[in-house]
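Enquirer: My structure is below; once you've seen it, I'll send some questions.
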Amino acid sequence: MIRTAFKSVFAHKVRLLLTGVAIVLGVSLVAGTFIFTDTINAQFDSLLGDIYEGTDVSVRSAGGDFSAATEPFPASVYDDVVAVDGVMAADGGVSSISAQVLDSDGNPIGGQGPPTLGFSWGDTPTLNPMQIKDGNGRPPAGPGEVTIDINSARNADLELGDMVTVVAFNGPEDFLLVGLTSFGDADSLLGATLISFELEEARNVFGYGDELTGIVVQAEAGVDAADLTAAISQVLPEGVEAVTGETEQNEQAAEISEGLSFLSIGLLAFAGVSIFVGGFIIQNTFRIIIAQRTRELALLRALGATGRQVRSMVIIEALIVGVVGSVVGIAFGFLLALGIRALMNAVGLGLTQSGMVLLPRTVVIGMAVGVILTVASSLLPARKASRIPPIAALREDASRTPRRSLRTRAIVGAAVTGTGVALLVIGLFLSVSNPLLYVALGAAIGFIGVSILAPLAARPLADIIGWPMPKLFGVSGQLAKENTKRQPRRTASTASALMVGVALVVFFSVFASSTKASVSETVFELFPADITFQSTNQTDPEVPAVISPGFAEDLATHEELEVVSAMQFGKALVGEDEKLIGAIDPATIDQVFALGASDGAVAALIEPDTVIVSTSYLDDNGHDVGDTLTIEYLTTGAVTTTIVGVFEANDFSDFYISTNTYVANFRYEGDAVIFANAAEGVSVDEAQEAVAPTVASYGNVKSQSKSDIVTEAETQIDQALLLFTGLLLFAVIIAILGITNTLTLSVYERTQEIGLLRAVGMTRRQVRRMVRWEAVIVATFGALLGVGIGIVLGWAVVRALSDEGLGAFSIPVSQVILALILAAVAGVFAAIWPARKAARMNILDAISFE
Amino acid sequence: MTTQTITDIAARMDNGVKTYGEGDAAVHALNGATAEFGRGRFTAIMGPSGSGKSTMLHCLAGLDTLTSGAAYIGDVDLATLKDKDLTLLRRERVGFIFQSFNLIPTLDAQENIVLPLTIAGEKPDTDWYSQIIEILGLSDRLDHLPAELSGGQQQRVAAARALVSRPAIIFADEPSGNLDSKSGAELLAFMRRAVKEFEQTIVMVTHDPNTAAYADRVIFLEDGVFVDEMHDPTPDAILDRLKRLGA
Ligand SMILES: Nc1ncnc2c1ncn2[C@@H]1O[C@H](COP(=O)(O)OP(=O)(O)OP(=O)(O)O)[C@@H](O)[C@H]1O
Ligand SMILES: [Mg+2]
């Protein structure tokens, strides 16, 4: 049987080729994702290894959070640490994530890409990950001097001796570039912009007093790092901790791989869609091939093969195709990973071009996905093959195993669809622990259900879609239409594959369009301010980056502006949970920001250590106005804070305190958002123009009117939509290959018929047209189903999220129509190869074909 | 050989050679065959299996090309036509009846009958169409799909299709080969009637002397060459001739 299976694979290689492509694409997405993230992970690991090479102990603020890296402690700690037995060398320094370097045109280096990190220069070479090689200048030695990493200097056209503008705590200041730094052999730390100053100057630039944010320690030879860490811990004041270098390195590695795992889960989700679609195609191909081989299989049965043997043969065929497809898929995954890396480097991530990492896990999962997908997809067709009676070898009609009745199909289809919908509803509207899983599973089962029902709709829908074709394209159009109605099941499962991709594209479009509609509503309701200022350097998605403190003051000097009101954000523990806390200026906030606060709440914030909380937080936690909350700040520790009012929930934060309370409890580095209104008689445009020079001098500030904000949000939504659509393209390509595959098989099946048509006078062009319009009908059928499902799914999700500010439901009509047109065009492309095959068919072979 | 003027010839083959394969494996399906088919005549082609009957028919109908020699429909040398023109020639001047698989399964009887006209974007001549339907007794089967018709009915539909565009010549390869004797006789009687009443030209390949006897003339092929002919044949005379050929 195995030999027969091998022979059969070779005999049908062209038909199986397209099946193979579906597997290759699916597996390559999975393998590519793993290879890419493993490669990046390995790079980070080796980089962290370099950085922490000489560090045995790290002393830092005891925040336990990454942001603690910039939380200062008194400089006197350094002397206590150095005095500990076993310390060979120690470097104390400060660092900042709020600095920004401007290039000669006044634009921030790095843009929206990797962050800018500021350091003080460490004098002990074994403890300093940065080096300055011969010819690249010298370390910063005093006020007014800066170093920058080679890569950033090169990108910004900076040379030794140039003046460089750095925007930090004191606003824009110029520094002399005295050194270019590298890391071991690398010119860059993954694309980040790294600047360093002499310690005193760094404190000045970053806004620290007589403080340090970290001390790195090297142990004397023979002293154990863990022991030294314990010894150092003894001398540290409260709020400061010592960990081994290894611990800190592992923490950072864990943080990085967590970030990467988001990326890989996202990519794998799209890979899953492609694989799901591939399953449809593979099953369809096997089913058709078996239908075409009915005679041959029946002959095997007549010659004594058991039904079981026939079934094994089909499954072994699938196994062979699966294995080959998976191996090729993993190879393609390599190329894909290279492609993703090139893409990431194009946006400035500075990933080195080192070798790709192929872990055994990648191979195992890739092979498993490909093989299981193929074999699982062949099970139903194999079962069907095993039921072909021997008599079918002799009698044409005997091959037709009785079909499930339409009624059964309708019932089964409705039940499966219903299960999917139920799971969706549970995931969307009930509070379950893992809603995304329910939604994904519900959608997948729903798709399968609809695909079971689809054959019922195939004939009527083909009639509707194909209605104009006989009129427009004569007999070619008519035959195209009839051909799609011929095997509704085949048409439906071919179309179903496209349905999945189109449904998801339409779903994302509906979601994006609804979000856009809601965004402009929200912005205009929430921001009464004429102009909003924010930092362009947003690197942390959770805490907004800050603008230097001086900026708000500079703004206030412009008489074109009336109200200038700044907002700050910071993280603190409220009860057990880390929360983002917002700070507002109670005197002006009402004029620029629609908090929807209760009467007198904002005014009451003037008292120190008071907070207003969102109504939803209040309700969920059983608090009342007048109660106290314990907020634990990193700098000042636990502070008993009185709830003095409530506000309507908004997207930013559940807690607002006053700026004064903020400055008292957080390390104030600058403002996250600054609102301003144009003065009486000054238009918003004029006001923006008037402050433009101030904005430009800071380099990293953007000034936006309300409609600018909306436009920016819309652009971001469009970009996300484009990204998702791009990722779904794989699934769509697989689906289109599916149409090509089915049509090729159908053309082969209809050889005699096409020969007859040619004999009685159909031109090759008419034959091509016939196949082409058939493909267009199938594609449009799938797209129509997809559009329907996508809109319903979009509607459900928008409804489910209506509490979270997604008020509007909007169908992007033009995009939906575009999707339908593109699907039809895709049909034309899918038909190129089978149409050509049909047209080239030798008439004589065709009419004498048995 | 009969002496007819060129205008009386509907189709002819001149020294036709058709070779399949090359070198030692070469098979000469036609090996210098020459034959003429008179206008308004019903000609049968006979000969042993493998003698080149189907090949001759295919080459005359423009479905296949000769290796050397020439095939004409009317006075058109088929070798001079490109694929497109050959297709148009078939559409306009040639009709076909094959042994089986004559009909498009997705089209009903009526649509199958007018298919060559539909392909060409023309309307059928209603009088002529009704007359054919009438004679073939297909009036009450017109909206049936081929699968719903008997074998005999299917072949009659094929005959109607061959006739409907009034082609210059109809080629039939064992049209009654798959039919029982009664259905076969009905079909052949009709073909004969088309020749007699409407001056239709028909060339038919057959194995069966009884079938061939419906024709005005039988030509005999052997090993790819024309060997003999017989006018106004009877089954017995044909059988007799075949026996002599075989010997
Ligand atoms: N495509 C082909 N390739 C090779 N040889 C062929 C091909 N078609 C026909 N032949 C050979 O050409 C010869 C004539 O074939 P043809 O089909 O014309 O015979 P026939 O007289 O119609 O026979 P039958 O009565 O069996 O139908 C045979 O020997 C056949 O094997
Ligand atoms: Mg033959």
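By convention here, the chains of the structure tokens are called A, B, ... in the order presented, each chain's residues are numbered starting at 1, and ligands are numbered starting at 1 in the order presented.
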May I ask you to extract the residues of chain B within 6 Å of chain A, using only C-alpha atoms, and to give them as a compact mmCIF listing (two decimals) with N, CA and C atoms, in the first residue's frame?
Expert:
```
# COMPACT_ATOMS: atom_id res chain seq x y z
N THR B 87 -11.36 26.66 -36.02
CA THR B 87 -12.49 26.64 -35.09
C THR B 87 -13.72 27.26 -35.74
N ARG B 90 -15.15 24.94 -38.35
CA ARG B 90 -15.92 23.86 -37.73
C ARG B 90 -17.28 24.39 -37.28
N ARG B 91 -17.24 25.57 -36.70
CA ARG B 91 -18.47 26.13 -36.16
C ARG B 91 -19.48 26.37 -37.28
N PRO B 116 -23.97 25.19 -31.10
CA PRO B 116 -23.02 25.79 -32.08
C PRO B 116 -23.45 27.21 -32.47
N ILE B 119 -22.76 29.52 -29.46
CA ILE B 119 -21.33 29.83 -29.38
C ILE B 119 -20.98 30.92 -30.38
```
Enquirer: Check which residues fall inside 10 Å of ligand 2 when counting only C-alpha atoms and all ligand atoms, and print them as a list in words.
Expert: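 Using only C-alpha atoms and all ligand atoms, everything at most 10 Å from ligand 2 comes to Ser848 of chain A; Met46, Gly47, Pro48, Ser49, Gly50, Ser51, Gly52, Lys53, Ser54, Thr55, Met56, Leu57, His58, Gln99, Asp173, Glu174, Val205, Thr206 and His207 of chain B.
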Enquirer: With a distance cut-off of 7 Å and only C-alpha atoms, select the neighbouring residues of stretch 122-134 of chain A, excluding the residue or stretch itself and same-chain residues fewer than 3 positions from it, and output the selection as an MDAnalysis selection string.
Expert: chainID A and resid 51 54:55 91 93 137:138 179:183 216
Enquirer: Report the residues of stretch 481-591 of chain A whose backbone DSSP state falls under helix (DSSP H, G or I), written as a PyMOL selection string.
Expert: chain A and resi 481-486+488-526+550-556+589-591
Enquirer: Could you work out how far atom CA of A:Gly477 lies from atom CA of B:Gly121, giving the answer in Å with one decimal?
Expert: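 Between atom CA of B:Gly121 and atom CA of A:Gly477 the gap works out to 12.3 Å.
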Enquirer: Hey, can you check how far atom CA of A:Ala545 sits from atom CA of A:Gln704?
Expert: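 Answer for the atom CA of A:Ala545 to atom CA of A:Gln704 separation: 16.2 Å.
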Enquirer: Have a look at atom CA of A:Thr33 and atom CA of A:Phe286 and let me know their distance in Å, one decimal.
Expert: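 A separation of 28.6 Å between them.
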Enquirer: Return the single residue from A:Ala454, A:Ala22, A:Ala331, A:Ala382 that is closest to A:Met499, with distances computed using only C-alpha atoms.
Expert: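 The closest residue to A:Met499 is A:Ala454.
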Enquirer: Quick one: of B:Ile113, B:Ala11, B:Ala160, B:Val225, who's nearest to ligand 1, counting only C-alpha atoms and all ligand atoms?
Expert: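 With only C-alpha atoms and all ligand atoms as the atom set, the closest residue is B:Val225.
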